[in-house]
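input36.txt, holding compact mmCIF, N, CA and C atoms:
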# COMPACT_ATOMS: atom_id res chain seq x y z
N MET A 1 67.80 13.57 -14.50
CA MET A 1 67.19 13.79 -13.20
C MET A 1 66.24 12.65 -12.84
N LYS A 2 65.46 12.22 -13.83
CA LYS A 2 64.51 11.14 -13.59
C LYS A 2 65.24 9.85 -13.21
N LYS A 3 66.37 9.56 -13.89
CA LYS A 3 67.16 8.36 -13.56
C LYS A 3 67.71 8.44 -12.13
N LEU A 4 68.16 9.61 -11.74
CA LEU A 4 68.69 9.80 -10.40
C LEU A 4 67.61 9.52 -9.36
N PHE A 5 66.41 10.02 -9.60
CA PHE A 5 65.28 9.78 -8.69
C PHE A 5 65.00 8.29 -8.58
N ILE A 6 64.99 7.59 -9.69
CA ILE A 6 64.70 6.15 -9.69
C ILE A 6 65.79 5.39 -8.93
N VAL A 7 67.05 5.77 -9.15
CA VAL A 7 68.15 5.10 -8.46
C VAL A 7 68.06 5.35 -6.95
N VAL A 8 67.80 6.60 -6.55
CA VAL A 8 67.69 6.92 -5.13
C VAL A 8 66.51 6.18 -4.51
N PHE A 9 65.37 6.16 -5.19
CA PHE A 9 64.19 5.47 -4.69
C PHE A 9 64.47 3.97 -4.53
N ALA A 10 65.13 3.38 -5.52
CA ALA A 10 65.45 1.96 -5.46
C ALA A 10 66.40 1.67 -4.29
N LEU A 11 67.35 2.54 -4.06
CA LEU A 11 68.29 2.38 -2.96
C LEU A 11 67.57 2.44 -1.61
N ILE A 12 66.67 3.40 -1.46
CA ILE A 12 65.90 3.53 -0.22
C ILE A 12 65.03 2.29 0.00
N ALA A 13 64.39 1.81 -1.05
CA ALA A 13 63.56 0.61 -0.94
C ALA A 13 64.39 -0.60 -0.55
N ALA A 14 65.58 -0.73 -1.13
CA ALA A 14 66.45 -1.86 -0.80
C ALA A 14 66.89 -1.81 0.66
N ILE A 15 67.20 -0.63 1.15
CA ILE A 15 67.60 -0.48 2.55
C ILE A 15 66.44 -0.86 3.46
N ALA A 16 65.24 -0.40 3.13
CA ALA A 16 64.07 -0.73 3.95
C ALA A 16 63.83 -2.23 3.99
N LEU A 17 63.97 -2.89 2.86
CA LEU A 17 63.77 -4.34 2.82
C LEU A 17 64.87 -5.07 3.56
N ALA A 18 66.08 -4.57 3.48
CA ALA A 18 67.20 -5.21 4.16
C ALA A 18 67.07 -5.14 5.67
N THR A 19 66.41 -4.11 6.18
CA THR A 19 66.25 -3.98 7.63
C THR A 19 65.04 -4.73 8.14
N GLY A 20 64.31 -5.40 7.28
CA GLY A 20 63.23 -6.26 7.73
C GLY A 20 61.84 -5.76 7.40
N ALA A 21 61.56 -4.49 7.61
CA ALA A 21 60.22 -3.96 7.37
C ALA A 21 60.18 -2.53 7.84
N PRO A 22 59.05 -1.88 7.58
CA PRO A 22 58.91 -0.53 8.12
C PRO A 22 58.98 -0.56 9.65
N ALA A 23 59.31 0.54 10.23
CA ALA A 23 59.41 0.62 11.69
C ALA A 23 58.10 0.19 12.35
N ALA A 24 58.23 -0.50 13.45
CA ALA A 24 57.06 -0.97 14.19
C ALA A 24 56.30 0.20 14.77
N ASP A 25 55.01 0.05 14.86
CA ASP A 25 54.17 1.08 15.45
C ASP A 25 54.02 0.77 16.94
N LYS A 26 54.96 1.26 17.72
CA LYS A 26 54.98 0.97 19.16
C LYS A 26 53.72 1.47 19.85
N ASP A 27 53.19 2.60 19.41
CA ASP A 27 51.97 3.12 20.03
C ASP A 27 50.79 2.18 19.80
N ALA A 28 50.69 1.61 18.59
CA ALA A 28 49.60 0.68 18.30
C ALA A 28 49.75 -0.60 19.12
N ILE A 29 50.98 -1.08 19.25
CA ILE A 29 51.23 -2.28 20.05
C ILE A 29 50.81 -2.03 21.50
N LYS A 30 51.27 -0.92 22.05
CA LYS A 30 50.96 -0.58 23.44
C LYS A 30 49.45 -0.42 23.64
N ALA A 31 48.78 0.28 22.72
CA ALA A 31 47.34 0.49 22.84
C ALA A 31 46.58 -0.83 22.81
N GLN A 32 47.00 -1.74 21.96
CA GLN A 32 46.35 -3.05 21.84
C GLN A 32 46.47 -3.83 23.14
N VAL A 33 47.67 -3.88 23.71
CA VAL A 33 47.89 -4.59 24.97
C VAL A 33 47.13 -3.92 26.11
N ASP A 34 47.23 -2.59 26.19
CA ASP A 34 46.54 -1.86 27.26
C ASP A 34 45.03 -2.09 27.22
N GLU A 35 44.47 -2.10 26.01
CA GLU A 35 43.03 -2.33 25.86
C GLU A 35 42.63 -3.71 26.37
N ILE A 36 43.43 -4.72 26.08
CA ILE A 36 43.11 -6.07 26.53
C ILE A 36 43.26 -6.19 28.04
N VAL A 37 44.30 -5.58 28.61
CA VAL A 37 44.48 -5.62 30.07
C VAL A 37 43.28 -4.98 30.77
N VAL A 38 42.85 -3.82 30.28
CA VAL A 38 41.69 -3.14 30.88
C VAL A 38 40.45 -4.03 30.77
N ALA A 39 40.27 -4.68 29.64
CA ALA A 39 39.10 -5.55 29.45
C ALA A 39 39.15 -6.76 30.39
N ILE A 40 40.32 -7.38 30.54
CA ILE A 40 40.45 -8.52 31.45
C ILE A 40 40.24 -8.06 32.89
N ASP A 41 40.82 -6.92 33.25
CA ASP A 41 40.60 -6.38 34.59
C ASP A 41 39.13 -6.05 34.83
N GLY A 42 38.39 -5.80 33.76
CA GLY A 42 36.96 -5.50 33.86
C GLY A 42 36.06 -6.72 33.80
N GLY A 43 36.65 -7.92 33.69
CA GLY A 43 35.83 -9.13 33.74
C GLY A 43 35.90 -10.04 32.53
N LYS A 44 36.54 -9.62 31.46
CA LYS A 44 36.67 -10.50 30.29
C LYS A 44 37.66 -11.62 30.63
N THR A 45 37.62 -12.71 29.86
CA THR A 45 38.53 -13.82 30.07
C THR A 45 39.59 -13.82 28.97
N PRO A 46 40.71 -14.49 29.19
CA PRO A 46 41.72 -14.58 28.13
C PRO A 46 41.14 -15.19 26.85
N GLN A 47 40.25 -16.15 26.99
CA GLN A 47 39.66 -16.80 25.83
C GLN A 47 38.86 -15.82 24.96
N ASP A 48 38.40 -14.72 25.55
CA ASP A 48 37.69 -13.71 24.77
C ASP A 48 38.61 -13.04 23.74
N PHE A 49 39.93 -13.28 23.85
CA PHE A 49 40.90 -12.62 22.98
C PHE A 49 41.66 -13.58 22.09
N GLN A 50 41.07 -14.75 21.82
CA GLN A 50 41.71 -15.71 20.93
C GLN A 50 42.00 -15.10 19.55
N ASP A 51 41.10 -14.25 19.06
CA ASP A 51 41.31 -13.63 17.75
C ASP A 51 42.49 -12.67 17.75
N ALA A 52 42.83 -12.11 18.90
CA ALA A 52 43.97 -11.19 18.98
C ALA A 52 45.28 -11.91 18.68
N ALA A 53 45.31 -13.22 18.86
CA ALA A 53 46.50 -13.99 18.54
C ALA A 53 46.69 -14.13 17.04
N LYS A 54 45.67 -13.78 16.28
CA LYS A 54 45.75 -13.89 14.82
C LYS A 54 45.96 -12.54 14.15
N LYS A 55 46.03 -11.46 14.94
CA LYS A 55 46.16 -10.12 14.37
C LYS A 55 47.50 -9.95 13.67
N GLU A 56 47.47 -9.29 12.56
CA GLU A 56 48.69 -8.97 11.81
C GLU A 56 48.87 -7.48 11.79
N PRO A 57 50.03 -6.94 11.90
CA PRO A 57 51.28 -7.67 12.05
C PRO A 57 51.67 -7.90 13.51
N TYR A 58 50.87 -7.43 14.46
CA TYR A 58 51.25 -7.51 15.88
C TYR A 58 50.27 -8.38 16.66
N TYR A 59 50.53 -9.69 16.68
CA TYR A 59 49.65 -10.58 17.43
C TYR A 59 49.84 -10.37 18.93
N VAL A 60 48.85 -10.79 19.69
CA VAL A 60 48.86 -10.67 21.14
C VAL A 60 48.99 -12.07 21.75
N PHE A 61 49.67 -12.15 22.88
CA PHE A 61 49.68 -13.39 23.64
C PHE A 61 49.28 -13.08 25.08
N ILE A 62 48.75 -14.09 25.76
CA ILE A 62 48.39 -13.97 27.17
C ILE A 62 48.98 -15.19 27.87
N MET A 63 49.75 -14.92 28.93
CA MET A 63 50.48 -15.97 29.62
C MET A 63 50.22 -15.89 31.12
N GLN A 64 50.13 -17.04 31.76
CA GLN A 64 50.08 -17.09 33.22
C GLN A 64 51.49 -16.86 33.77
N GLN A 65 51.56 -16.48 35.05
CA GLN A 65 52.86 -16.25 35.69
C GLN A 65 53.75 -17.49 35.68
N ASP A 66 53.15 -18.67 35.64
CA ASP A 66 53.93 -19.91 35.65
C ASP A 66 54.44 -20.30 34.26
N GLY A 67 54.15 -19.47 33.25
CA GLY A 67 54.65 -19.72 31.90
C GLY A 67 53.65 -20.36 30.95
N ALA A 68 52.50 -20.78 31.45
CA ALA A 68 51.49 -21.42 30.59
C ALA A 68 50.88 -20.38 29.65
N MET A 69 50.94 -20.68 28.35
CA MET A 69 50.38 -19.77 27.35
C MET A 69 48.88 -20.05 27.19
N LEU A 70 48.08 -19.04 27.47
CA LEU A 70 46.62 -19.16 27.35
C LEU A 70 46.15 -18.72 25.98
N VAL A 71 46.82 -17.73 25.40
CA VAL A 71 46.50 -17.22 24.07
C VAL A 71 47.82 -16.97 23.34
N HIS A 72 47.97 -17.58 22.17
CA HIS A 72 49.17 -17.40 21.34
C HIS A 72 48.88 -18.02 19.97
N PRO A 73 49.49 -17.52 18.92
CA PRO A 73 49.21 -18.10 17.60
C PRO A 73 49.58 -19.58 17.48
N SER A 74 50.63 -20.03 18.17
CA SER A 74 51.04 -21.43 18.02
C SER A 74 51.42 -22.13 19.32
N LEU A 75 51.48 -21.41 20.42
CA LEU A 75 51.95 -22.00 21.67
C LEU A 75 50.88 -22.14 22.76
N THR A 76 49.61 -21.92 22.42
CA THR A 76 48.55 -22.05 23.41
C THR A 76 48.59 -23.45 24.03
N GLY A 77 48.56 -23.48 25.37
CA GLY A 77 48.60 -24.75 26.09
C GLY A 77 50.00 -25.23 26.42
N LYS A 78 51.01 -24.53 25.93
CA LYS A 78 52.39 -24.92 26.21
C LYS A 78 52.99 -24.00 27.26
N SER A 79 54.09 -24.42 27.84
CA SER A 79 54.76 -23.64 28.88
C SER A 79 56.06 -23.05 28.37
N LEU A 80 56.16 -21.72 28.41
CA LEU A 80 57.42 -21.07 28.04
C LEU A 80 58.49 -21.36 29.08
N LYS A 81 58.09 -21.55 30.32
CA LYS A 81 59.06 -21.84 31.37
C LYS A 81 59.81 -23.12 31.05
N GLU A 82 59.10 -24.09 30.49
CA GLU A 82 59.71 -25.38 30.15
C GLU A 82 60.40 -25.37 28.80
N SER A 83 59.85 -24.65 27.82
CA SER A 83 60.38 -24.73 26.46
C SER A 83 61.29 -23.57 26.05
N ALA A 84 61.17 -22.43 26.70
CA ALA A 84 61.98 -21.26 26.32
C ALA A 84 62.22 -20.40 27.55
N GLU A 85 62.98 -20.94 28.49
CA GLU A 85 63.18 -20.28 29.77
C GLU A 85 63.72 -18.85 29.67
N PRO A 86 64.67 -18.55 28.77
CA PRO A 86 65.14 -17.16 28.67
C PRO A 86 64.03 -16.18 28.25
N VAL A 87 63.14 -16.63 27.38
CA VAL A 87 62.01 -15.79 26.97
C VAL A 87 61.06 -15.62 28.15
N TYR A 88 60.76 -16.72 28.82
CA TYR A 88 59.90 -16.69 30.00
C TYR A 88 60.45 -15.70 31.02
N SER A 89 61.73 -15.78 31.31
CA SER A 89 62.35 -14.88 32.29
C SER A 89 62.23 -13.42 31.87
N ALA A 90 62.41 -13.14 30.60
CA ALA A 90 62.29 -11.76 30.10
C ALA A 90 60.86 -11.25 30.29
N LEU A 91 59.88 -12.09 30.00
CA LEU A 91 58.48 -11.67 30.10
C LEU A 91 58.04 -11.44 31.54
N LEU A 92 58.72 -12.07 32.50
CA LEU A 92 58.39 -11.87 33.91
C LEU A 92 58.70 -10.45 34.39
N ALA A 93 59.39 -9.67 33.58
CA ALA A 93 59.65 -8.27 33.92
C ALA A 93 58.39 -7.41 33.76
N SER A 94 57.31 -8.02 33.31
CA SER A 94 56.04 -7.31 33.13
C SER A 94 55.61 -6.61 34.41
N THR A 95 54.97 -5.46 34.24
CA THR A 95 54.47 -4.68 35.38
C THR A 95 53.02 -4.30 35.13
N PRO A 96 52.30 -3.90 36.17
CA PRO A 96 50.92 -3.42 35.97
C PRO A 96 50.87 -2.16 35.10
N GLU A 97 51.95 -1.39 35.07
CA GLU A 97 51.99 -0.16 34.26
C GLU A 97 52.40 -0.45 32.83
N GLY A 98 53.04 -1.59 32.59
CA GLY A 98 53.52 -1.96 31.27
C GLY A 98 54.98 -1.57 31.07
N THR A 99 55.70 -2.40 30.34
CA THR A 99 57.11 -2.14 30.06
C THR A 99 57.52 -2.87 28.78
N TRP A 100 58.59 -2.41 28.16
CA TRP A 100 59.15 -3.06 26.98
C TRP A 100 60.26 -3.99 27.43
N VAL A 101 60.30 -5.20 26.88
CA VAL A 101 61.36 -6.16 27.16
C VAL A 101 61.95 -6.65 25.83
N ASP A 102 63.20 -7.06 25.88
CA ASP A 102 63.89 -7.58 24.70
C ASP A 102 64.38 -8.99 24.98
N TYR A 103 64.34 -9.83 23.95
CA TYR A 103 64.84 -11.19 24.06
C TYR A 103 65.03 -11.75 22.65
N GLU A 104 65.71 -12.87 22.57
CA GLU A 104 65.89 -13.52 21.28
C GLU A 104 64.93 -14.69 21.18
N TRP A 105 64.27 -14.80 20.03
CA TRP A 105 63.33 -15.89 19.78
C TRP A 105 63.55 -16.41 18.38
N GLN A 106 63.90 -17.66 18.27
CA GLN A 106 64.14 -18.33 16.99
C GLN A 106 65.08 -17.52 16.10
N GLY A 107 66.17 -17.05 16.70
CA GLY A 107 67.20 -16.35 15.95
C GLY A 107 66.93 -14.89 15.63
N LYS A 108 65.82 -14.37 16.11
CA LYS A 108 65.48 -12.96 15.86
C LYS A 108 65.40 -12.20 17.16
N GLN A 109 65.80 -10.95 17.11
CA GLN A 109 65.67 -10.07 18.28
C GLN A 109 64.23 -9.60 18.37
N LYS A 110 63.59 -9.82 19.51
CA LYS A 110 62.19 -9.42 19.71
C LYS A 110 62.13 -8.27 20.70
N HIS A 111 61.20 -7.36 20.44
CA HIS A 111 60.91 -6.23 21.32
C HIS A 111 59.43 -6.34 21.64
N THR A 112 59.11 -6.56 22.91
CA THR A 112 57.74 -6.88 23.30
C THR A 112 57.29 -5.98 24.44
N TYR A 113 56.09 -5.41 24.26
CA TYR A 113 55.45 -4.64 25.32
C TYR A 113 54.61 -5.60 26.13
N VAL A 114 54.86 -5.69 27.44
CA VAL A 114 54.12 -6.58 28.32
C VAL A 114 53.51 -5.79 29.47
N ARG A 115 52.35 -6.24 29.87
CA ARG A 115 51.66 -5.59 30.98
C ARG A 115 50.93 -6.67 31.77
N THR A 116 50.94 -6.53 33.09
CA THR A 116 50.32 -7.52 33.98
C THR A 116 48.92 -7.07 34.38
N THR A 117 47.98 -8.01 34.31
CA THR A 117 46.61 -7.72 34.73
C THR A 117 46.54 -7.76 36.26
N LYS A 118 45.41 -7.30 36.81
CA LYS A 118 45.22 -7.35 38.27
C LYS A 118 45.29 -8.78 38.79
N GLY A 119 44.87 -9.73 37.97
CA GLY A 119 44.90 -11.14 38.36
C GLY A 119 46.24 -11.83 38.12
N GLY A 120 47.22 -11.10 37.60
CA GLY A 120 48.56 -11.65 37.43
C GLY A 120 48.87 -12.23 36.06
N LEU A 121 47.95 -12.12 35.10
CA LEU A 121 48.25 -12.59 33.75
C LEU A 121 49.18 -11.60 33.06
N ILE A 122 50.01 -12.10 32.17
CA ILE A 122 50.90 -11.25 31.39
C ILE A 122 50.36 -11.18 29.97
N VAL A 123 50.07 -9.96 29.52
CA VAL A 123 49.57 -9.73 28.16
C VAL A 123 50.69 -9.03 27.41
N GLY A 124 50.96 -9.49 26.19
CA GLY A 124 52.06 -8.87 25.45
C GLY A 124 51.86 -8.91 23.95
N SER A 125 52.63 -8.05 23.29
CA SER A 125 52.68 -7.98 21.84
C SER A 125 53.97 -7.27 21.48
N GLY A 126 54.48 -7.51 20.29
CA GLY A 126 55.71 -6.84 19.93
C GLY A 126 56.07 -7.05 18.47
N TYR A 127 57.35 -6.90 18.20
CA TYR A 127 57.84 -6.98 16.83
C TYR A 127 59.25 -7.57 16.84
N SER A 128 59.68 -8.06 15.68
CA SER A 128 61.01 -8.62 15.52
C SER A 128 61.87 -7.72 14.66
N GLU A 129 63.16 -7.87 14.85
CA GLU A 129 64.12 -7.19 13.96
C GLU A 129 64.66 -8.18 12.98

Starting from the coordinates I provided, produce the structure as structure tokens.
Amino acid sequence: MKKLFIVVFALIAAIALATGAPAADKDAIKAQVDEIVVAIDGGKTPQDFQDAAKKEPYYVFIMQQDGAMLVHPSLTGKSLKESAEPVYSALLASTPEGTWVDYEWQGKQKHTYVRTTKGGLIVGSGYSE
């Protein structure tokens, strides 16, 4: 019986590792983005959230409507419109209420919650498969 338990446990662990990681916490991602949007709408600046770009496992990015990344772990100051137009186009589906968008980034399927601030900035966070 003990061997069977070990084999079943090992099989479950292998399946979990093969799928990439534990399931993403969509509620935590949404709450993080919503909190930042409310703060920016209340007067905070995107630069106040530079540390959010370093959060693990769900970093945050803030982008202008023209594609300029204001906050991102590695793309701050760059334009998604110029460097990754399909990703840029997907993120433009952002709404003031928030929505989930899907796109491919560096060979991985990404699922990102994006929400637009009153000033038109796009705040997002998500996970990869």

Could you give me, as a PyMOL selection string, the residues within 10 Å of A:Pro57, counting only C-alpha atoms and dropping anything in the same chain fewer than 3 positions from it?
chain A and resi 24-25+29+54+60+125-127

Write out as AutoDock Vina command-line options an axis-aligned box for stretch 38-54 of chain A: all of its atoms listed in the file, 4 Å added on each side, centre and edge lengths in Å with one decimal.
--center_x 41.3 --center_y -10.0 --center_z 24.5 --size_x 18.9 --size_y 21.7 --size_z 28.7

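Here atom C of A:Trp100 stands at a distance of 25.6 Å from atom C of A:Gly43.
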
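Residues with any atom within 8 Å of A:Gly77, counting all atoms listed in the file and excluding same-chain neighbours fewer than 6 positions away, are Gly67, Ala68, Met69, Leu70 and Val71 of chain A.
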
If you keep N, CA and C atoms, can you produce a file of those selected residues as a PDB file, in the coordinates of the input?
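The file below, part-v8.pdb, is the result:
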ATOM      1  N   GLY A  67      54.150 -19.470  33.250  1.00  0.00           N
ATOM      2  CA  GLY A  67      54.650 -19.720  31.900  1.00  0.00           C
ATOM      3  C   GLY A  67      53.650 -20.360  30.950  1.00  0.00           C
ATOM      4  N   ALA A  68      52.500 -20.780  31.450  1.00  0.00           N
ATOM      5  CA  ALA A  68      51.490 -21.420  30.590  1.00  0.00           C
ATOM      6  C   ALA A  68      50.880 -20.380  29.650  1.00  0.00           C
ATOM      7  N   MET A  69      50.940 -20.680  28.350  1.00  0.00           N
ATOM      8  CA  MET A  69      50.380 -19.770  27.350  1.00  0.00           C
ATOM      9  C   MET A  69      48.880 -20.050  27.190  1.00  0.00           C
ATOM     10  N   LEU A  70      48.080 -19.040  27.470  1.00  0.00           N
ATOM     11  CA  LEU A  70      46.620 -19.160  27.350  1.00  0.00           C
ATOM     12  C   LEU A  70      46.150 -18.720  25.980  1.00  0.00           C
ATOM     13  N   VAL A  71      46.820 -17.730  25.400  1.00  0.00           N
ATOM     14  CA  VAL A  71      46.500 -17.220  24.070  1.00  0.00           C
ATOM     15  C   VAL A  71      47.820 -16.970  23.340  1.00  0.00           C
TER      16      VAL A  71
END

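The two atoms in question, atom CA of A:Gln47 and atom C of A:Ala90, are spaced 22.4 Å apart.
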
Using DSSP secondary structure from the backbone, list all helix (DSSP H, G or I) positions within chain A, as a ChimeraX atom specification.
/A:2-18,26-41,46-54,80-83,85-91

What lies within 8 Å of stretch 106-121 of chain A using only N, CA and C atoms, ignoring chain neighbours under 3 positions off, as a PyMOL selection string?
chain A and resi 29-30+33-34+36-38+40-42+62-66+91+93-103+124-129
